[in-house]
Every structure is written in C-alpha cells, then in structure tokens.
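What follows is the content of entry.txt (compact mmCIF, C-alpha atoms and all ligand atoms).
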# COMPACT_ATOMS: atom_id res chain seq x y z
CA MET A 1 -76.80 -103.18 -90.93
CA GLN A 2 -75.81 -104.00 -94.49
CA VAL A 3 -76.83 -101.47 -97.15
CA SER A 4 -78.10 -102.84 -100.46
CA ARG A 5 -77.36 -100.00 -102.89
CA GLY A 6 -80.24 -99.59 -105.31
CA LEU A 7 -81.99 -102.50 -103.53
CA GLU A 8 -80.27 -104.79 -106.05
CA ASP A 9 -81.54 -108.38 -105.74
CA VAL A 10 -83.68 -107.50 -102.70
CA ILE A 11 -86.93 -109.50 -102.88
CA ILE A 12 -89.86 -107.32 -101.80
CA LYS A 13 -92.77 -109.59 -102.74
CA THR A 14 -93.67 -112.87 -104.35
CA THR A 15 -95.49 -112.72 -107.66
CA SER A 16 -97.42 -114.98 -110.01
CA LEU A 17 -97.53 -112.22 -112.62
CA THR A 18 -94.17 -111.91 -114.34
CA PHE A 19 -91.13 -114.17 -114.63
CA ILE A 20 -87.79 -112.85 -115.89
CA ASP A 21 -84.65 -114.86 -116.55
CA GLY A 22 -82.14 -112.05 -117.00
CA GLU A 23 -79.28 -114.36 -118.01
CA LYS A 24 -81.21 -116.18 -120.74
CA GLY A 25 -83.38 -113.23 -121.84
CA ILE A 26 -86.72 -114.84 -121.03
CA LEU A 27 -89.87 -112.90 -120.09
CA ARG A 28 -93.22 -114.51 -119.29
CA TYR A 29 -96.55 -113.15 -118.06
CA ARG A 30 -98.35 -115.74 -115.92
CA GLY A 31 -96.29 -118.47 -117.63
CA TYR A 32 -96.80 -117.29 -121.23
CA ASP A 33 -93.70 -116.34 -123.21
CA ILE A 34 -93.67 -112.71 -124.40
CA ASN A 35 -93.12 -113.89 -127.99
CA ASP A 36 -96.27 -116.05 -127.87
CA LEU A 37 -98.23 -113.16 -126.36
CA MET A 38 -97.65 -111.19 -129.55
CA ASN A 39 -100.57 -113.31 -130.84
CA ALA A 40 -102.83 -112.07 -128.01
CA SER A 41 -104.67 -108.77 -127.90
CA TYR A 42 -103.95 -106.27 -125.11
CA GLU A 43 -107.46 -106.93 -123.74
CA GLU A 44 -106.65 -110.67 -123.49
CA VAL A 45 -103.47 -109.74 -121.60
CA ILE A 46 -105.47 -107.40 -119.34
CA TYR A 47 -107.68 -110.36 -118.39
CA LEU A 48 -104.67 -112.66 -118.03
CA MET A 49 -102.84 -110.31 -115.67
CA LEU A 50 -105.82 -109.37 -113.52
CA TYR A 51 -107.71 -112.69 -113.43
CA GLY A 52 -104.89 -115.23 -113.85
CA ASP A 53 -105.84 -117.04 -117.09
CA LEU A 54 -106.45 -116.24 -120.73
CA PRO A 55 -110.14 -115.33 -121.16
CA SER A 56 -112.90 -117.22 -122.92
CA ARG A 57 -114.77 -115.20 -125.56
CA GLY A 58 -117.46 -114.31 -123.01
CA GLU A 59 -114.94 -113.20 -120.39
CA LEU A 60 -113.12 -111.10 -122.99
CA GLU A 61 -116.34 -109.37 -124.02
CA GLU A 62 -117.10 -108.60 -120.38
CA VAL A 63 -113.69 -106.96 -119.84
CA LYS A 64 -114.05 -104.99 -123.08
CA SER A 65 -117.47 -103.72 -122.08
CA ILE A 66 -116.25 -102.51 -118.64
CA ILE A 67 -113.37 -100.68 -120.35
CA ASN A 68 -115.61 -99.21 -123.05
CA GLU A 69 -117.98 -97.87 -120.41
CA SER A 70 -115.17 -96.35 -118.32
CA TYR A 71 -113.32 -94.02 -120.70
CA ASP A 72 -115.08 -90.95 -119.36
CA VAL A 73 -113.35 -88.79 -116.74
CA PRO A 74 -114.83 -85.88 -114.75
CA GLU A 75 -114.74 -82.55 -116.60
CA SER A 76 -112.59 -81.14 -113.79
CA VAL A 77 -109.83 -83.63 -114.72
CA ILE A 78 -109.92 -82.65 -118.39
CA ASN A 79 -109.84 -78.99 -117.30
CA VAL A 80 -106.79 -79.68 -115.12
CA ILE A 81 -104.92 -81.19 -118.08
CA PHE A 82 -105.86 -78.36 -120.44
CA SER A 83 -105.11 -75.65 -117.87
CA LEU A 84 -101.44 -76.64 -117.90
CA GLY A 85 -99.32 -74.97 -120.54
CA ARG A 86 -98.53 -76.61 -123.87
CA SER A 87 -94.86 -76.65 -122.92
CA CYS A 88 -95.52 -78.67 -119.73
CA ASP A 89 -93.88 -82.04 -119.19
CA PRO A 90 -96.34 -84.76 -120.32
CA ILE A 91 -95.67 -87.20 -117.47
CA GLY A 92 -96.01 -84.31 -115.01
CA MET A 93 -99.39 -83.66 -116.70
CA MET A 94 -100.35 -87.33 -116.27
CA GLU A 95 -99.35 -87.21 -112.59
CA THR A 96 -101.51 -84.10 -112.15
CA ALA A 97 -104.45 -85.80 -113.90
CA PHE A 98 -104.09 -88.97 -111.82
CA GLY A 99 -103.77 -86.87 -108.66
CA ALA A 100 -107.04 -85.20 -109.66
CA LEU A 101 -108.67 -88.61 -110.35
CA ALA A 102 -107.47 -89.80 -106.92
CA SER A 103 -109.15 -86.86 -105.26
CA VAL A 104 -112.43 -87.47 -107.13
CA TYR A 105 -112.66 -91.28 -106.82
CA ASN A 106 -110.48 -92.25 -103.83
CA PRO A 107 -111.63 -95.92 -103.85
CA ALA A 108 -111.07 -98.02 -100.73
CA TRP A 109 -109.37 -101.41 -101.17
CA ASP A 110 -112.05 -104.08 -101.54
CA LYS A 111 -111.41 -107.61 -102.88
CA GLU A 112 -114.82 -107.62 -104.55
CA ARG A 113 -114.10 -104.45 -106.53
CA ASP A 114 -110.32 -104.03 -106.93
CA LYS A 115 -110.09 -105.69 -110.36
CA GLU A 116 -112.96 -103.58 -111.66
CA THR A 117 -111.23 -100.47 -110.25
CA ALA A 118 -108.10 -101.51 -112.19
CA LEU A 119 -110.13 -101.88 -115.41
CA LYS A 120 -111.59 -98.41 -114.90
CA ILE A 121 -108.10 -96.99 -114.28
CA ILE A 122 -106.82 -98.66 -117.46
CA ALA A 123 -109.66 -97.08 -119.50
CA LYS A 124 -109.17 -93.64 -117.90
CA ALA A 125 -105.40 -93.88 -118.48
CA SER A 126 -106.16 -93.92 -122.22
CA THR A 127 -108.30 -90.78 -121.87
CA VAL A 128 -105.63 -89.03 -119.79
CA THR A 129 -102.78 -90.01 -122.14
CA CYS A 130 -104.53 -88.96 -125.35
CA ASN A 131 -105.68 -85.67 -123.80
CA VAL A 132 -102.16 -84.86 -122.61
CA MET A 133 -101.14 -85.07 -126.25
CA ARG A 134 -104.22 -83.15 -127.43
CA ALA A 135 -103.57 -80.38 -124.89
CA LYS A 136 -99.92 -80.13 -125.93
CA GLU A 137 -100.87 -80.05 -129.62
CA GLY A 138 -103.49 -77.30 -129.05
CA LEU A 139 -106.41 -79.61 -129.98
CA LYS A 140 -109.81 -79.90 -128.31
CA PRO A 141 -110.40 -82.53 -125.58
CA LYS A 142 -111.70 -85.94 -126.68
CA VAL A 143 -112.79 -89.12 -124.91
CA PRO A 144 -111.68 -92.30 -126.71
CA GLU A 145 -114.63 -93.95 -128.42
CA PRO A 146 -115.11 -97.69 -128.08
CA SER A 147 -113.93 -99.63 -131.14
CA GLU A 148 -112.78 -103.20 -131.87
CA SER A 149 -109.76 -102.63 -129.66
CA TYR A 150 -108.29 -100.49 -126.88
CA ALA A 151 -105.24 -99.91 -129.13
CA LYS A 152 -107.35 -98.62 -132.02
CA SER A 153 -109.42 -96.32 -129.76
CA PHE A 154 -106.24 -94.86 -128.32
CA LEU A 155 -104.65 -94.27 -131.73
CA ARG A 156 -107.81 -92.67 -133.13
CA SER A 157 -108.28 -90.30 -130.19
CA SER A 158 -104.61 -89.29 -129.97
CA LEU A 159 -103.74 -88.89 -133.63
CA ASP A 160 -107.15 -87.77 -134.95
CA LYS A 161 -106.91 -90.15 -137.92
CA GLU A 162 -108.00 -93.63 -138.83
CA PRO A 163 -105.07 -95.98 -138.14
CA ASP A 164 -104.46 -98.84 -140.57
CA GLU A 165 -104.31 -102.51 -139.62
CA LEU A 166 -100.53 -102.61 -139.29
CA GLU A 167 -100.51 -99.59 -136.96
CA VAL A 168 -103.26 -101.03 -134.76
CA LYS A 169 -101.45 -104.39 -134.52
CA ALA A 170 -98.14 -102.66 -133.72
CA MET A 171 -99.79 -100.53 -130.99
CA ASP A 172 -101.53 -103.59 -129.58
CA ASN A 173 -98.19 -105.46 -129.47
CA SER A 174 -96.46 -102.44 -127.88
CA LEU A 175 -99.05 -102.28 -125.12
CA VAL A 176 -98.41 -105.97 -124.38
CA LEU A 177 -94.62 -105.56 -124.55
CA TYR A 178 -94.63 -102.72 -122.02
CA THR A 179 -97.34 -104.28 -119.79
CA ASP A 180 -95.19 -105.43 -116.90
CA HIS A 181 -91.68 -106.07 -115.75
CA GLU A 182 -91.93 -107.37 -112.19
CA VAL A 183 -90.79 -104.70 -109.68
CA PRO A 184 -88.83 -101.93 -111.43
CA ALA A 185 -88.55 -98.48 -109.81
CA SER A 186 -92.02 -97.29 -110.88
CA THR A 187 -93.86 -100.42 -109.70
CA THR A 188 -91.90 -100.33 -106.44
CA ALA A 189 -92.81 -96.65 -105.88
CA GLY A 190 -96.46 -97.57 -106.42
CA LEU A 191 -96.16 -100.60 -104.13
CA VAL A 192 -94.72 -98.48 -101.33
CA THR A 193 -97.79 -96.25 -101.74
CA ALA A 194 -100.17 -99.24 -101.90
CA SER A 195 -98.61 -100.64 -98.72
CA THR A 196 -99.98 -97.63 -96.81
CA LEU A 197 -103.42 -98.59 -98.19
CA SER A 198 -103.59 -95.34 -100.13
CA ASP A 199 -106.05 -95.60 -103.07
CA MET A 200 -105.16 -97.20 -106.42
CA TYR A 201 -105.21 -93.90 -108.37
CA SER A 202 -102.65 -92.43 -105.94
CA CYS A 203 -100.50 -95.55 -106.36
CA VAL A 204 -100.50 -94.98 -110.14
CA THR A 205 -99.56 -91.32 -109.53
CA ALA A 206 -96.55 -92.43 -107.47
CA ALA A 207 -95.54 -94.96 -110.14
CA LEU A 208 -95.77 -92.28 -112.84
CA ALA A 209 -93.43 -90.01 -110.91
CA ALA A 210 -90.79 -92.75 -110.79
CA LEU A 211 -91.28 -93.76 -114.42
CA LYS A 212 -90.51 -90.24 -115.63
CA GLY A 213 -86.76 -90.39 -114.97
CA PRO A 214 -84.29 -90.88 -117.85
CA LEU A 215 -82.89 -94.02 -116.23
CA HIS A 216 -86.32 -95.68 -116.44
CA GLY A 217 -89.29 -94.80 -118.71
CA GLY A 218 -87.64 -91.64 -119.97
CA ALA A 219 -85.00 -93.72 -121.75
CA ALA A 220 -87.07 -94.28 -124.93
CA GLU A 221 -86.97 -90.55 -125.56
CA GLY A 222 -83.26 -90.47 -124.69
CA ALA A 223 -82.52 -93.35 -127.07
CA PHE A 224 -84.42 -91.74 -129.95
CA ASN A 225 -82.75 -88.35 -129.41
CA GLN A 226 -79.39 -90.08 -129.81
CA PHE A 227 -80.40 -91.30 -133.28
CA VAL A 228 -81.42 -87.75 -134.20
CA ASP A 229 -78.16 -86.43 -132.77
CA ILE A 230 -76.05 -88.96 -134.71
CA GLY A 231 -77.79 -88.02 -137.99
CA SER A 232 -76.56 -90.80 -140.29
CA PRO A 233 -75.43 -94.45 -139.99
CA GLU A 234 -71.87 -93.52 -141.12
CA LYS A 235 -71.41 -91.31 -138.05
CA VAL A 236 -72.30 -93.97 -135.47
CA GLU A 237 -68.75 -95.27 -134.75
CA GLU A 238 -67.29 -91.81 -134.24
CA TRP A 239 -70.27 -90.69 -132.10
CA PHE A 240 -70.03 -93.84 -129.98
CA SER A 241 -66.26 -93.42 -129.37
CA ARG A 242 -66.84 -89.82 -128.32
CA LYS A 243 -69.55 -90.84 -125.83
CA MET A 244 -67.27 -93.53 -124.38
CA GLU A 245 -64.41 -91.03 -124.01
CA GLU A 246 -66.80 -88.62 -122.26
CA LYS A 247 -67.89 -91.54 -120.00
CA LYS A 248 -71.50 -91.01 -121.09
CA ARG A 249 -74.18 -93.71 -120.98
CA ILE A 250 -75.87 -94.99 -124.11
CA MET A 251 -79.60 -94.55 -123.57
CA GLY A 252 -81.62 -97.69 -124.29
CA PHE A 253 -78.65 -99.87 -123.32
CA GLY A 254 -78.19 -101.78 -120.06
CA HIS A 255 -80.64 -103.21 -117.57
CA ARG A 256 -80.62 -104.10 -113.89
CA VAL A 257 -81.99 -107.59 -114.58
CA TYR A 258 -81.09 -108.49 -118.18
CA LYS A 259 -77.49 -109.44 -118.71
CA THR A 260 -78.25 -110.31 -122.31
CA TYR A 261 -80.42 -108.89 -125.13
CA ASP A 262 -83.85 -107.87 -123.80
CA PRO A 263 -86.39 -110.18 -125.53
CA ARG A 264 -88.74 -107.19 -125.97
CA ALA A 265 -86.04 -105.20 -127.78
CA LYS A 266 -85.86 -107.96 -130.43
CA ILE A 267 -89.62 -107.70 -131.01
CA PHE A 268 -89.62 -103.89 -130.96
CA LYS A 269 -86.79 -104.02 -133.51
CA ARG A 270 -88.92 -106.08 -135.90
CA LEU A 271 -91.96 -103.82 -135.42
CA ALA A 272 -89.89 -100.66 -135.81
CA GLU A 273 -88.25 -102.00 -138.98
CA SER A 274 -91.59 -102.76 -140.53
CA LEU A 275 -93.33 -99.45 -139.74
CA SER A 276 -90.32 -97.18 -140.23
CA SER A 277 -90.01 -98.38 -143.84
CA ARG A 278 -92.98 -96.08 -144.61
CA LYS A 279 -91.31 -92.82 -143.55
CA PRO A 280 -87.88 -91.75 -144.91
CA GLU A 281 -86.58 -90.10 -141.67
CA ALA A 282 -87.84 -93.00 -139.57
CA LYS A 283 -86.06 -95.41 -141.93
CA THR A 284 -82.82 -93.47 -141.42
CA TYR A 285 -83.29 -93.55 -137.62
CA PHE A 286 -83.84 -97.30 -137.82
CA LYS A 287 -80.58 -97.74 -139.78
CA ILE A 288 -78.71 -95.58 -137.23
CA ALA A 289 -80.22 -97.57 -134.35
CA SER A 290 -79.28 -100.91 -135.95
CA LYS A 291 -75.71 -99.69 -136.44
CA LEU A 292 -75.51 -98.38 -132.86
CA ASP A 293 -76.90 -101.72 -131.66
CA GLU A 294 -74.06 -103.49 -133.57
CA VAL A 295 -71.32 -101.10 -132.38
CA GLY A 296 -72.67 -101.15 -128.82
CA GLU A 297 -72.74 -104.93 -128.77
CA LYS A 298 -69.10 -105.06 -129.94
CA HIS A 299 -67.90 -102.75 -127.16
CA LEU A 300 -70.39 -103.09 -124.31
CA SER A 301 -71.31 -106.78 -124.30
CA GLU A 302 -68.27 -107.64 -122.14
CA LYS A 303 -69.97 -105.48 -119.46
CA LYS A 304 -73.20 -107.34 -120.22
CA LEU A 305 -74.84 -104.21 -121.59
CA PHE A 306 -77.31 -104.81 -124.43
CA PRO A 307 -80.28 -102.94 -125.93
CA ASN A 308 -83.27 -102.80 -123.60
CA THR A 309 -86.97 -102.41 -124.38
CA ASP A 310 -86.63 -98.62 -124.84
CA PHE A 311 -83.97 -98.82 -127.57
CA TYR A 312 -86.20 -99.34 -130.64
CA SER A 313 -89.69 -98.50 -129.30
CA GLY A 314 -89.40 -94.76 -129.99
CA ILE A 315 -88.77 -95.37 -133.70
CA LEU A 316 -91.98 -97.37 -133.82
CA PHE A 317 -94.05 -94.67 -132.08
CA TYR A 318 -92.45 -91.96 -134.22
CA SER A 319 -93.31 -93.96 -137.36
CA MET A 320 -96.95 -94.05 -136.22
CA GLY A 321 -96.97 -90.24 -136.00
CA PHE A 322 -96.39 -89.66 -132.28
CA PRO A 323 -94.20 -86.77 -131.14
CA VAL A 324 -91.10 -87.74 -129.14
CA TYR A 325 -92.58 -86.42 -125.87
CA MET A 326 -95.32 -89.10 -126.10
CA PHE A 327 -92.95 -92.10 -125.86
CA THR A 328 -92.91 -92.17 -122.05
CA PRO A 329 -96.68 -91.51 -121.72
CA ILE A 330 -97.34 -94.49 -124.03
CA PHE A 331 -95.05 -96.60 -121.84
CA ALA A 332 -97.04 -95.39 -118.79
CA LEU A 333 -100.33 -96.21 -120.50
CA SER A 334 -99.24 -99.82 -121.10
CA ARG A 335 -97.60 -100.24 -117.69
CA THR A 336 -100.77 -99.14 -115.85
CA LEU A 337 -101.90 -102.77 -116.23
CA GLY A 338 -98.72 -104.17 -114.67
CA TRP A 339 -98.76 -101.58 -111.89
CA THR A 340 -102.38 -102.19 -110.88
CA SER A 341 -101.92 -106.00 -111.10
CA HIS A 342 -98.98 -105.79 -108.69
CA PHE A 343 -100.80 -103.44 -106.31
CA ILE A 344 -103.77 -105.83 -106.14
CA GLU A 345 -101.52 -108.89 -105.70
CA TYR A 346 -99.66 -107.16 -102.88
CA VAL A 347 -102.61 -105.63 -101.00
CA GLU A 348 -104.89 -108.65 -101.34
CA GLU A 349 -102.39 -111.46 -100.77
CA GLN A 350 -99.34 -110.28 -98.90
CA HIS A 351 -100.02 -106.89 -97.48
CA ARG A 352 -97.70 -105.29 -94.96
CA LEU A 353 -96.57 -101.66 -94.63
CA ILE A 354 -93.29 -101.17 -96.54
CA ARG A 355 -90.96 -99.37 -94.21
CA PRO A 356 -87.25 -100.13 -94.69
CA ARG A 357 -84.47 -98.77 -92.49
CA ALA A 358 -81.53 -96.45 -93.10
CA ALA A 359 -78.22 -97.06 -91.34
CA TYR A 360 -77.38 -93.86 -89.44
CA VAL A 361 -73.84 -92.61 -90.13
CA GLY A 362 -74.23 -88.98 -88.95
CA ALA A 363 -72.89 -87.10 -85.92
CA GLU A 364 -72.98 -88.54 -82.39
CA LYS A 365 -75.29 -86.81 -79.89
CA ARG A 366 -74.53 -83.04 -79.96
CA GLU A 367 -75.32 -80.29 -77.53
CA PHE A 368 -77.99 -77.82 -78.79
CA VAL A 369 -76.84 -74.16 -78.83
CA PRO A 370 -79.62 -71.52 -79.08
CA LEU A 371 -79.44 -69.23 -82.16
CA GLU A 372 -78.39 -66.13 -80.18
CA LYS A 373 -75.41 -67.99 -78.74
CA ARG A 374 -74.14 -69.40 -82.05
CA SER A 375 -71.11 -67.60 -83.51
C1 LIG B 1 -87.74 -99.66 -119.19
C2 LIG B 1 -86.49 -99.44 -118.48
O1 LIG B 1 -86.49 -98.81 -117.47
S1 LIG B 1 -85.13 -100.22 -119.09
C3 LIG B 1 -83.78 -99.15 -118.61
C4 LIG B 1 -83.85 -97.86 -119.31
N1 LIG B 1 -82.71 -96.99 -118.98
C5 LIG B 1 -81.70 -96.72 -119.85
O2 LIG B 1 -81.68 -97.21 -120.98
C6 LIG B 1 -80.67 -95.75 -119.37
C7 LIG B 1 -79.26 -96.26 -119.65
N2 LIG B 1 -78.97 -97.40 -118.82
C8 LIG B 1 -78.55 -97.24 -117.52
O3 LIG B 1 -78.35 -96.12 -117.03
C9 LIG B 1 -78.33 -98.48 -116.68
O4 LIG B 1 -77.98 -99.57 -117.50
C10 LIG B 1 -79.55 -98.85 -115.80
C11 LIG B 1 -79.91 -97.66 -114.91
C12 LIG B 1 -80.76 -99.19 -116.66
C13 LIG B 1 -79.22 -100.05 -114.92
O5 LIG B 1 -78.14 -99.73 -114.21
P1 LIG B 1 -77.53 -100.55 -112.97
O6 LIG B 1 -77.97 -101.94 -112.95
O7 LIG B 1 -77.78 -99.75 -111.75
O8 LIG B 1 -76.01 -100.53 -113.35
P2 LIG B 1 -74.93 -99.45 -112.91
O9 LIG B 1 -75.47 -98.06 -113.04
O10 LIG B 1 -74.43 -99.87 -111.56
O11 LIG B 1 -73.84 -99.66 -114.04
C14 LIG B 1 -72.95 -100.77 -114.09
C15 LIG B 1 -71.81 -100.47 -115.06
O12 LIG B 1 -72.31 -100.45 -116.40
C16 LIG B 1 -72.11 -99.15 -116.99
N3 LIG B 1 -73.33 -98.81 -117.71
C17 LIG B 1 -74.60 -99.10 -117.34
N4 LIG B 1 -75.45 -98.71 -118.29
C18 LIG B 1 -74.71 -98.16 -119.27
C19 LIG B 1 -75.04 -97.57 -120.52
N5 LIG B 1 -76.29 -97.45 -120.91
N6 LIG B 1 -74.04 -97.11 -121.30
C20 LIG B 1 -72.74 -97.23 -120.90
N7 LIG B 1 -72.37 -97.78 -119.73
C21 LIG B 1 -73.35 -98.23 -118.92
C22 LIG B 1 -71.91 -98.20 -115.81
O13 LIG B 1 -71.17 -97.06 -116.18
C23 LIG B 1 -71.17 -99.10 -114.85
O14 LIG B 1 -69.84 -99.22 -115.29
P3 LIG B 1 -68.61 -99.32 -114.24
O15 LIG B 1 -68.89 -100.60 -113.48
O16 LIG B 1 -67.40 -99.36 -115.10
O17 LIG B 1 -68.73 -98.09 -113.36
O1 LIG B 2 -87.33 -103.82 -115.07
C1 LIG B 2 -86.76 -102.71 -115.04
O2 LIG B 2 -85.84 -102.43 -114.23
C2 LIG B 2 -87.15 -101.63 -115.96
C3 LIG B 2 -88.46 -101.84 -116.64
O3 LIG B 2 -89.51 -101.41 -116.19
C4 LIG B 2 -88.49 -102.59 -117.88
O4 LIG B 2 -87.45 -103.07 -118.32
O5 LIG B 2 -89.58 -102.72 -118.47
Whole structure given in structure tokens:
Amino acid sequence: MQVSRGLEDVIIKTTSLTFIDGEKGILRYRGYDINDLMNASYEEVIYLMLYGDLPSRGELEEVKSIINESYDVPESVINVIFSLGRSCDPIGMMETAFGALASVYNPAWDKERDKETALKIIAKASTVTCNVMRAKEGLKPKVPEPSESYAKSFLRSSLDKEPDELEVKAMDNSLVLYTDHEVPASTTAGLVTASTLSDMYSCVTAALAALKGPLHGGAAEGAFNQFVDIGSPEKVEEWFSRKMEEKKRIMGFGHRVYKTYDPRAKIFKRLAESLSSRKPEAKTYFKIASKLDEVGEKHLSEKKLFPNTDFYSGILFYSMGFPVYMFTPIFALSRTLGWTSHFIEYVEEQHRLIRPRAAYVGAEKREFVPLEKRS
C-alpha cells in the first residue's frame, strides 16, 4: 500500500460546484469566476450552488422567503449556546449548537427535500453565529429579522446597529468569497460523515470541528494577531526575519492547492483597504499586512507560498466591528453553503461509504500474557 500523506492530490469525488486552478489562481463556482460573482448577492450564489444556475427574480424571491421563514431555532438550542461560559471557544459553541440542532431535527436524506433542508440550515447558521457572539458579549438572544439581504440581517443581529451600504456590500462579498473551496479538510470531514448517511446538521457539526484548527479556518485569527503583534509597518522586516529564524509559519500564507496568489486574497485586500480607512487602528493593521505581504512575497514566493483567503479578511471583519474571535465563525457561516452543496452532491449523485485503509506497520502477532503474569 502507498500512503498519501495529507491525502494530497487524492480525488474523493467529482464536482460541478467549484473549479480551482491552483497554478493560475483561478476560482469559479459552477463556471462563474469569483471576481464576476462579486456582482452577485449571497442569495443568488446560494441558488447557484444548490440549484445549478443563477436564479430568475422569481426563483430568488422563493429562496429568500424560505430563508426568511427559517431563522428561528428551538429555545433549547438558544439555551445551550447561552449556558456555555462567555470565555468558551466560539466554534466549539457552534458545534454544540449544531449538535443540538441535529438532535432536534435529524432529517433523513430525501432528494425532494435536501435543498430545502440546506436552505434552513443556512438560515439557522446565521442565528447560531450571531447568538454565539451575543452570548460571548453578554447580550440577550436575538433571531435575525428578515431584511433586504441575508448579509444585512446577520450584521444587524450580531452588531446591534444599523450597518451602512458599504458594510452590507462588504459582508455580502465576504459570504460569497468564503462560500466554497472544493474539498478542504472541513468539507472532507463533513463528507465522511455524510457518507454514513448521518443527517445534514451532523455533517455541518463535523465540518465545523475541522474548520476550527489554525491550519484551516482558524488562520484568519492567526493572521490578524500577527499584525497586532508586529505593531507598526516599520517592524515588519525584523519580525519576519525572527519568525523565519525560529522556523515559524506565517499565518495566512500558503495553501495546499494555490501555488500563486489566492484570487480571493486580492479581493479581500481591496475590501479591507476600503473599510479599514475608517478606523485608525484598522488602517495601521492594513499597512502592516500590506508590508508583510510584500516581504513575504520576496522571501516565500520561491517556495510558492503566497497570501491565502485568510490573510486580509480579518482586517475587514475587524473594521466592521467584529471581535477577533468572530473571524472563524463568519468563515463557518459562509462555508455552510459550500458544505451542504457538497454533501447533497455526494449523497444524491455518487454516494458510497467513505472508508479508507491504513497500512499496518505495528508488531507481528504477539503472545498475550495475563496481567498477573506480567513483570
Ligand atoms: C482557508 C484556509 O484554510 S487557507 C489555509 C489557512 N492556513 C494558514 O494560513 C496556516 C499557514 N499555512 C500553512 O500552515 C500551510 O501553508 C497549509 C497548512 C495551509 C498548507 O500546507 P501543505 O500544503 O500541507 O504544505 P506543507 O505543510 O507540507 O509545507 C510545505 C513547505 O512550505 C512551508 N510552509 C508552508 N506554509 C508556510 C507558511 N505559512 N509560512 C512559512 N512556511 C510555510 C513548510 O514549512 C514546508 O517547508 P519545507 O518543505 O522546507 O519543510
Ligand atoms: O481549500 C483549502 O484547502 C482551504 C480552504 O477551505 C480555502 O482555501 O477556502
């Protein structure tokens, strides 16, 4: 048996959802370039991912109305979130909430209803995410209220203020940027779960657990904390040299698939630049990040390490007023669409139990010695 460490380049499914060219830095959802999709709303992308095409006005309204009617979650789920301490890890809190939703709803796979289940999960993910923040901030629970957009409802219910047009557009774009990325660790964890025909809420719970790690969704927080740690643009070179000497990784740099600049990082950079200009500390973090981007590119590009999607996104969320601990939950909120789209594609079109093998390299057969005879 040949071991593929980290399952690199192992193909586990076919997909019509997301195309990545990691050498050229191209990302497309169902054939549409990620740059062009910045002109689409998240709800249009929800329809695109789940149903295969961009929606007509009527189809879009239908999707919006299912989402708007599905924000509510059972009181027991809200109680579970709020019963956890304010110092609890937010993705752990989301896992707990999704575990609770799985035990309440437990939907069976059904081609007639799977897409609607996904839409309900997407709506409830907004309720869970904003209440994780509300619980951690010591605020009262709130269910997002329907508005013109999913992005606006989420911002209102999380931040308890009326977001302006630029903030709503930036959140909408962020949701689209983080929507899907083929089969990274989180999606794969969820797919393994889906392959057992476990319910869709449990699959999201599994995906959340994998997203949490600093090598995956946790990197946005890691990247931002570096900018705070560096403190000013003049200190970037010295800080970077020290990290290289210590053989440390630069968070927000490097990617298993991209061997060039992540196309999403370029867009996040533009969005972060625009919104950070409103807040002095955020502006400084943006300057530090741009300098680190430049220094990193000079020294790490020969290893094909470039900024990934998590490099600039934190500055954008921070500029909107989110605490650092919310960066990964917002990633999870957006990715719920990609996860559920992949689960449905796999279960409905190409289902088989995922059960790889491990090559045994342990001891040969050994003779069992009872406890009383062991020295
Ligand atoms: C949304 C996302 O999940 S995007 C990824 C978010 N994660 C991060 O930003 C964390 C930092 N980045 C990393 O740790 C990695 O680049 C990963 C985990 C994303 C991908 O890693 P892999 O494809 O498994 O590459 P691997 O870990 O084998 O590293 C290959 C080489 O690049 C180096 N390397 C990889 N990433 C970095 C980095 N961020 N900084 C410095 N060196 C790095 C490794 O040290 C290794 O060097 P070596 O060959 O001299 O030993
Ligand atoms: O694709 C990956 O390995 C990581 C990921 O989720 C992303 O970049 O959005």
Identify, counting only C-alpha atoms and all ligand atoms, the protein, DNA and RNA residues located within 9 Å of ligand LIG 1 (chain B), and give them as a PyMOL selection string.
chain A and resi 5-6+8+178+181+184-186+211+213-220+222-223+243-244+247-258+296+300+303-311+331
Residues of range 248-355 of chain A within 8 Å of range 193-196 of chain A: nearest atom pair and distance (Å, one decimal) for each, counting all atoms listed in the file, sorted by chain and number, as a Markdown table?
| residue | atom | partner | partner_atom | distance |
| --- | --- | --- | --- | --- |
| A:Phe343 | CA | A:Ala194 | CA | 6.1 |
| A:Tyr346 | CA | A:Ser195 | CA | 7.8 |
| A:Val347 | CA | A:Ser195 | CA | 6.8 |
| A:His351 | CA | A:Ser195 | CA | 6.5 |
| A:Arg352 | CA | A:Ser195 | CA | 6.0 |
| A:Leu353 | CA | A:Ser195 | CA | 4.7 |
| A:Ile354 | CA | A:Ser195 | CA | 5.8 |
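Comparing A:Pro146, A:Gly52, A:Pro90, A:Gly138 by their smallest distance to Phe327 in chain A, the closest is A:Pro90 (using only C-alpha atoms).
Here CA of Lys120 in chain A is placed at a distance of 7.5 Å from CA of Tyr71 in chain A.
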Skip Val361 in chain A itself and residues of its chain fewer than 4 positions away, then list as a ChimeraX atom specification all residues within 12 Å of it, counting only C-alpha atoms.
/A:1,3,365
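Across the model, the gap from CA of Glu116 in chain A to CA of Asn173 in chain A is 23.2 Å.
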Skip range 45-50 of chain A itself and residues of its chain fewer than 3 positions away, then list as number ranges by chain all residues within 10 Å of it, counting all atoms listed in the file.
A: 16-18, 29-30, 32, 37-38, 40-42, 53-56, 59-60, 62-64, 114-116, 118-119, 122, 175-176, 179-180, 334, 337-338, 340-342, 344-345
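For the set A:Ile11, A:Ala108, A:Ala135, A:Ile26, the residue with the smallest atom-to-atom gap to Met93 in chain A is A:Ala135, counting only C-alpha atoms.
Note that the spacing between CA of Lys269 in chain A and CA of Tyr312 in chain A amounts to 5.5 Å.
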Out of A:Arg86, A:His299, A:Arg134, A:Lys212, which residue has the shortest atom-to-atom distance to ligand LIG 2 (chain B) when counting only C-alpha atoms and all ligand atoms?
A:Lys212
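With all atoms listed in the file as the atoms that count, the minimum distance from Pro74 in chain A to the choices A:Cys88, A:Ala209, A:Ala97, A:Val295 is reached by A:Ala97.
Closest approach to Ala125 in chain A among A:Ile20, A:Gly58, A:Ala332, A:Asp293: A:Ala332, based on all atoms listed in the file.
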